[in-house]
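Structure data (mmCIF, C-alpha atoms) from my_file11.cif:
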```
data_entry
#
loop_
_atom_site.label_atom_id
_atom_site.label_comp_id
_atom_site.auth_asym_id
_atom_site.auth_seq_id
_atom_site.Cartn_x
_atom_site.Cartn_y
_atom_site.Cartn_z
CA MET L 1 -21.54 62.16 -24.66
CA ASN L 2 -22.90 59.42 -26.93
CA LYS L 3 -19.37 58.39 -27.89
CA LYS L 4 -18.46 58.03 -24.23
CA TYR L 5 -21.44 55.74 -23.59
CA SER L 6 -20.67 53.75 -26.72
CA VAL L 7 -17.10 53.15 -25.55
CA ILE L 8 -18.28 52.17 -22.06
CA PHE L 9 -20.90 49.84 -23.52
CA PHE L 10 -18.30 48.29 -25.83
CA LEU L 11 -15.86 47.73 -22.93
CA ILE L 12 -18.52 46.16 -20.71
CA PHE L 13 -19.69 43.93 -23.56
CA THR L 14 -16.10 42.83 -24.29
CA VAL L 15 -15.43 42.03 -20.61
CA LEU L 16 -18.65 39.98 -20.42
CA ILE L 17 -17.66 37.97 -23.50
CA ILE L 18 -14.20 37.30 -22.05
CA LEU L 19 -15.63 36.26 -18.68
CA ASN L 20 -18.17 33.96 -20.33
CA THR L 21 -15.45 32.35 -22.45
CA CYS L 22 -13.25 31.77 -19.38
CA ARG L 23 -16.17 30.30 -17.47
CA GLN L 24 -16.97 27.88 -20.28
CA ASN L 25 -13.36 26.71 -20.55
CA ILE L 26 -13.20 25.61 -16.92
CA ASN L 27 -16.50 23.69 -17.22
CA LYS L 28 -15.19 21.18 -19.70
CA ILE L 29 -12.17 19.00 -20.26
CA GLU L 30 -10.62 19.28 -23.67
CA LEU L 31 -7.63 17.16 -24.67
CA ARG L 32 -6.96 18.41 -28.17
CA GLU L 33 -4.15 15.95 -28.88
CA ILE L 34 -6.69 13.09 -28.88
CA GLY L 35 -9.79 15.11 -29.81
CA PHE L 36 -11.49 14.45 -26.44
CA ILE L 37 -14.13 16.82 -25.04
CA MET L 38 -16.16 16.26 -21.88
CA PRO L 39 -18.45 18.75 -20.13
CA LEU L 40 -18.18 18.91 -16.36
CA PRO L 41 -21.10 18.96 -13.93
CA THR L 42 -22.28 22.36 -12.72
CA GLY L 43 -20.04 23.55 -9.90
CA TRP L 44 -17.01 21.57 -11.10
CA GLN L 45 -13.85 22.92 -12.68
CA VAL L 46 -10.60 21.82 -14.27
CA ASP L 47 -7.51 22.11 -12.09
CA SER L 48 -5.39 25.08 -13.14
CA LYS L 49 -2.16 23.04 -13.02
CA ASP L 50 -3.33 19.74 -14.51
CA LYS L 51 -5.83 19.69 -17.37
CA THR L 52 -6.64 16.01 -16.69
CA PHE L 53 -7.76 16.62 -13.09
CA PHE L 54 -11.10 18.17 -12.14
CA TYR L 55 -13.08 18.67 -8.96
CA GLN L 56 -16.26 19.96 -7.35
CA GLN L 57 -15.50 23.49 -6.21
CA LEU L 58 -17.16 23.19 -2.78
CA LYS L 59 -15.87 19.68 -1.99
CA LYS L 60 -12.49 19.52 -3.70
CA ASP L 61 -11.12 16.84 -1.33
CA GLU L 62 -14.21 14.62 -1.52
CA ASN L 63 -15.51 14.84 -5.08
CA PHE L 64 -12.97 14.91 -7.87
CA GLY L 65 -11.95 13.15 -11.04
CA TRP L 66 -9.16 12.50 -13.47
CA ILE L 67 -8.38 11.18 -16.92
CA ASP L 68 -5.75 8.58 -17.75
CA ILE L 69 -4.77 7.34 -21.18
CA TYR L 70 -3.52 3.82 -21.92
CA GLU L 71 -2.27 2.12 -25.04
CA LEU L 72 -3.50 -1.38 -25.71
CA ALA L 73 -0.76 -4.00 -26.00
CA PRO L 74 -0.79 -6.02 -29.23
CA GLY L 75 -3.63 -8.54 -29.01
CA GLU L 76 -5.05 -6.96 -25.84
CA SER L 77 -8.75 -6.11 -25.75
CA LEU L 78 -10.52 -3.36 -23.85
CA VAL L 79 -11.96 -5.98 -21.47
CA ASP L 80 -8.46 -7.43 -20.88
CA LEU L 81 -7.06 -4.01 -20.00
CA VAL L 82 -9.88 -3.10 -17.62
CA ASP L 83 -9.73 -6.49 -15.88
CA SER L 84 -5.96 -6.19 -15.42
CA LEU L 85 -6.31 -2.66 -13.98
CA ILE L 86 -8.88 -3.91 -11.46
CA VAL L 87 -6.62 -6.81 -10.41
CA ASP L 88 -3.60 -4.47 -10.17
CA LEU L 89 -5.52 -2.10 -7.89
CA GLN L 90 -6.79 -4.92 -5.68
CA ASN L 91 -3.26 -6.37 -5.37
CA PHE L 92 -1.82 -2.95 -4.57
CA LEU L 93 -4.36 -2.42 -1.79
CA LEU L 94 -3.65 -5.86 -0.33
CA GLU L 95 0.09 -5.16 -0.34
CA GLU L 96 -0.41 -1.78 1.30
CA LYS L 97 -2.67 -3.26 3.96
CA ALA L 98 -0.16 -6.03 4.71
CA SER L 99 2.68 -3.53 5.08
CA LEU L 100 0.93 -1.46 7.75
CA SER L 101 0.37 -2.29 11.37
CA GLU L 102 -3.14 -2.77 12.72
CA TYR L 103 -3.02 0.70 14.28
CA ASP L 104 -2.08 2.32 10.95
CA THR L 105 -5.01 0.73 9.12
CA LEU L 106 -7.73 1.97 11.47
CA ASP L 107 -8.44 5.10 9.42
CA LEU L 108 -7.85 3.53 6.02
CA VAL L 109 -10.29 1.53 3.95
CA PHE L 110 -8.65 -1.14 1.82
CA ASP L 111 -11.80 -2.92 0.74
CA PHE L 112 -12.40 -2.33 -2.94
CA LYS L 113 -15.25 -3.97 -4.79
CA VAL L 114 -16.71 -3.54 -8.22
CA LEU L 115 -20.47 -3.14 -7.89
CA GLN L 116 -21.31 -2.83 -11.58
CA LYS L 117 -19.46 -3.52 -14.81
CA LYS L 118 -21.29 -2.75 -18.03
CA ILE L 119 -20.17 -2.98 -21.65
CA THR L 120 -21.56 0.00 -23.56
CA THR L 121 -20.72 2.60 -26.19
CA ILE L 122 -19.74 6.22 -25.67
CA SER L 123 -19.66 8.56 -28.66
CA ASN L 124 -20.01 5.52 -30.95
CA ARG L 125 -16.93 3.87 -29.42
CA PRO L 126 -16.71 0.66 -27.39
CA ALA L 127 -16.61 1.37 -23.67
CA ILE L 128 -16.81 -0.25 -20.25
CA GLU L 129 -18.54 1.50 -17.38
CA LEU L 130 -17.62 0.62 -13.79
CA ILE L 131 -19.08 1.58 -10.45
CA SER L 132 -16.89 0.60 -7.51
CA GLU L 133 -16.90 1.13 -3.78
CA PHE L 134 -14.05 1.74 -1.35
CA ASP L 135 -13.73 4.73 1.02
CA GLY L 136 -15.90 6.54 -1.53
CA MET L 137 -17.61 5.65 -4.75
CA LEU L 138 -15.78 5.43 -8.06
CA TYR L 139 -17.67 5.98 -11.30
CA GLU L 140 -15.43 5.18 -14.27
CA VAL L 141 -15.65 4.67 -17.97
CA TYR L 142 -12.97 3.23 -20.25
CA ILE L 143 -13.41 4.28 -23.88
CA LEU L 144 -11.58 2.69 -26.80
CA ASN L 145 -10.50 5.37 -29.26
CA ASP L 146 -8.37 3.86 -32.04
CA ASP L 147 -5.45 2.21 -30.18
CA LEU L 148 -5.89 4.31 -27.03
CA VAL L 149 -8.09 3.72 -24.01
CA ILE L 150 -9.28 6.84 -22.24
CA GLN L 151 -10.16 6.26 -18.60
CA VAL L 152 -12.47 8.88 -17.07
CA SER L 153 -12.85 8.53 -13.30
CA PHE L 154 -15.07 10.35 -10.83
CA ARG L 155 -14.43 9.77 -7.13
CA ILE L 156 -17.53 10.81 -5.19
CA SER L 157 -18.20 10.60 -1.45
CA LYS L 158 -20.66 7.88 -0.48
CA ASP L 159 -23.03 10.53 0.90
CA ASP L 160 -23.13 12.39 -2.44
CA PHE L 161 -23.09 9.47 -4.87
CA LYS L 162 -26.82 8.79 -5.22
CA SER L 163 -27.56 12.44 -5.95
CA TYR L 164 -24.70 12.62 -8.50
CA GLU L 165 -25.10 9.28 -10.30
CA SER L 166 -27.50 10.47 -13.02
CA THR L 167 -25.48 13.68 -13.51
CA LEU L 168 -22.33 11.63 -14.02
CA GLN L 169 -24.12 9.37 -16.52
CA ASN L 170 -25.18 12.47 -18.47
CA VAL L 171 -21.63 13.84 -18.42
CA ILE L 172 -20.22 10.52 -19.64
CA ASN L 173 -22.84 10.26 -22.36
CA SER L 174 -21.95 13.79 -23.50
CA ILE L 175 -18.31 12.91 -24.22
CA GLN L 176 -17.29 13.75 -27.77
CA PHE L 177 -14.29 12.98 -29.97
CA ARG L 178 -13.19 15.31 -32.73
CA LYS L 179 -10.56 14.50 -35.30
#
```

Target encoding structure tokens, full file:
Amino acid sequence: MNKKYSVIFFLIFTVLIILNTCRQNINKIELREIGFIMPLPTGWQVDSKDKTFFYQQLKKDENFGWIDIYELAPGESLVDLVDSLIVDLQNFLLEEKASLSEYDTLDLVFDFKVLQKKITTISNRPAIELISEFDGMLYEVYILNDDLVIQVSFRISKDDFKSYESTLQNVINSIQFRK
């Protein structure tokens, strides 16, 4: 009888370890090719089809995020890249707004404004932190890692942003690079 209980205990223990490991893997983003690791807020998970997309489980369509990677052009600085991305987005929104009729734009918000732009460091690397407003709030950080710029973006509903802002700052400040 003791052997039977030992086997059952071993199986339960093994299943718990596997479940815990799986749970931990969906609560962080890990891009091994660039050594990037970022924990996710509680209640968020990585998309099963795209390891650079993540979302809040209960509000997947409202609160989500993504990671993009850019290479700096020769002579281009981190500030240059971020400024050009902001201008590109603003121009795109203006073009989209101009191409739609007044009726089509009633439900769309094309106003995009940067509320805060801060030069900082993340994991001992130069970074720029942006908070922007449009139909939601956008909390972004651009981190220079060698010749790559990693853009981490969180799109949060306006209603949820104030309660999430400090959590997002903690997540961003917890980013690590391993090489």

(Q) Which residues are near L:Pro74? Cut-off 12 Å, all atoms listed in the file, ignore same chain within fewer than 6 positions. Put them as a list in words. (A) Asp80, Leu81, Asp147 and Leu148 of chain L

Using the chain letters and numbers from this file, what does the PyMOL selection byres ((chain L and resi 41) around 9) select? Give the answer as a CSV table (one decimal) with C-alpha atoms, in the frame of the given file.
```csv
chain,number,residue,atom,x,y,z
L,27,ASN,CA,-16.5,23.7,-17.2
L,28,LYS,CA,-15.2,21.2,-19.7
L,39,PRO,CA,-18.4,18.8,-20.1
L,40,LEU,CA,-18.2,18.9,-16.4
L,42,THR,CA,-22.3,22.4,-12.7
L,43,GLY,CA,-20.0,23.6,-9.9
L,44,TRP,CA,-17.0,21.6,-11.1
L,45,GLN,CA,-13.8,22.9,-12.7
L,56,GLN,CA,-16.3,20.0,-7.4
L,167,THR,CA,-25.5,13.7,-13.5
L,168,LEU,CA,-22.3,11.6,-14.0
L,170,ASN,CA,-25.2,12.5,-18.5
L,171,VAL,CA,-21.6,13.8,-18.4
```

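Rounded to one decimal, atom CA of L:Lys51 and atom CA of L:Ile37 lie 11.7 Å from each other.
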
Q | Distance criterion (all atoms listed in the file): nearest to L:Asp47 out of L:Ile29, L:Val82, L:Ile34, L:Ala73 | A |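 Answer, going by the shortest atom-to-atom distance: L:Ile29.
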
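Taking only C-alpha atoms into account, L:Ile119 lies nearest to L:Val79 out of the set L:Asp146, L:Val79, L:Asp68, L:Lys158.
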
Q. Which one of L:Asn91, L:Ser48, L:Ser153, L:Ser174 sits closest to L:Met137 if you count all atoms listed in the file?
A.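 Checking each candidate against L:Met137, we get L:Ser153 as the closest.
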
Q) Any chance you could work out the residue set of the PyMOL selection byres ((chain L and resi 32) around 12) here, as a list in words? A)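 Selected by the PyMOL selection byres ((chain L and resi 32) around 12) here: Ile29, Glu30, Leu31, Glu33, Ile34, Gly35, Phe36, Ile37, Met38, Lys51, Thr52, Gln176, Phe177, Arg178 and Lys179 of chain L.
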
Q: Return the single residue from L:Glu76, L:Asp135, L:Glu96, L:Asp159 that is closest to L:Phe112, with distances computed using only C-alpha atoms.
A: L:Asp135

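If you look at atom CA of L:Ile131 and atom CA of L:Tyr70, they are 19.5 Å away from each other.
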
Using the chain letters and numbering of this document, enumerate as a PDB file with C-alpha atoms, in the frame of the given file the residues selected by the PyMOL selection byres ((chain L and resi 116) around 6).
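After the write, selection03.pdb holds the following:
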```pdb
ATOM      1  CA  VAL L 114     -16.710  -3.540  -8.220  1.00  0.00           C
ATOM      2  CA  LEU L 115     -20.470  -3.140  -7.890  1.00  0.00           C
ATOM      3  CA  LYS L 117     -19.460  -3.520 -14.810  1.00  0.00           C
ATOM      4  CA  LEU L 130     -17.620   0.620 -13.790  1.00  0.00           C
ATOM      5  CA  ILE L 131     -19.080   1.580 -10.450  1.00  0.00           C
TER       6      ILE L 131
END
```

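Going from atom CA of L:Lys59 to atom CA of L:Ile172 covers 20.4 Å.
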
Q) For L:Ile143, which residue out of L:Ile69, L:Ala98, L:Leu93, L:Leu85 is the nearest one, using all atoms listed in the file? A)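 Looking at the shortest contact to L:Ile143, the residue is L:Ile69.
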
**Q.** stretch 61-63 of chain L surroundings by only C-alpha atoms, 7 Å radius, close-in-sequence under 6 positions cut, as a PyMOL selection string
**A.** chain L and resi 55+155-157
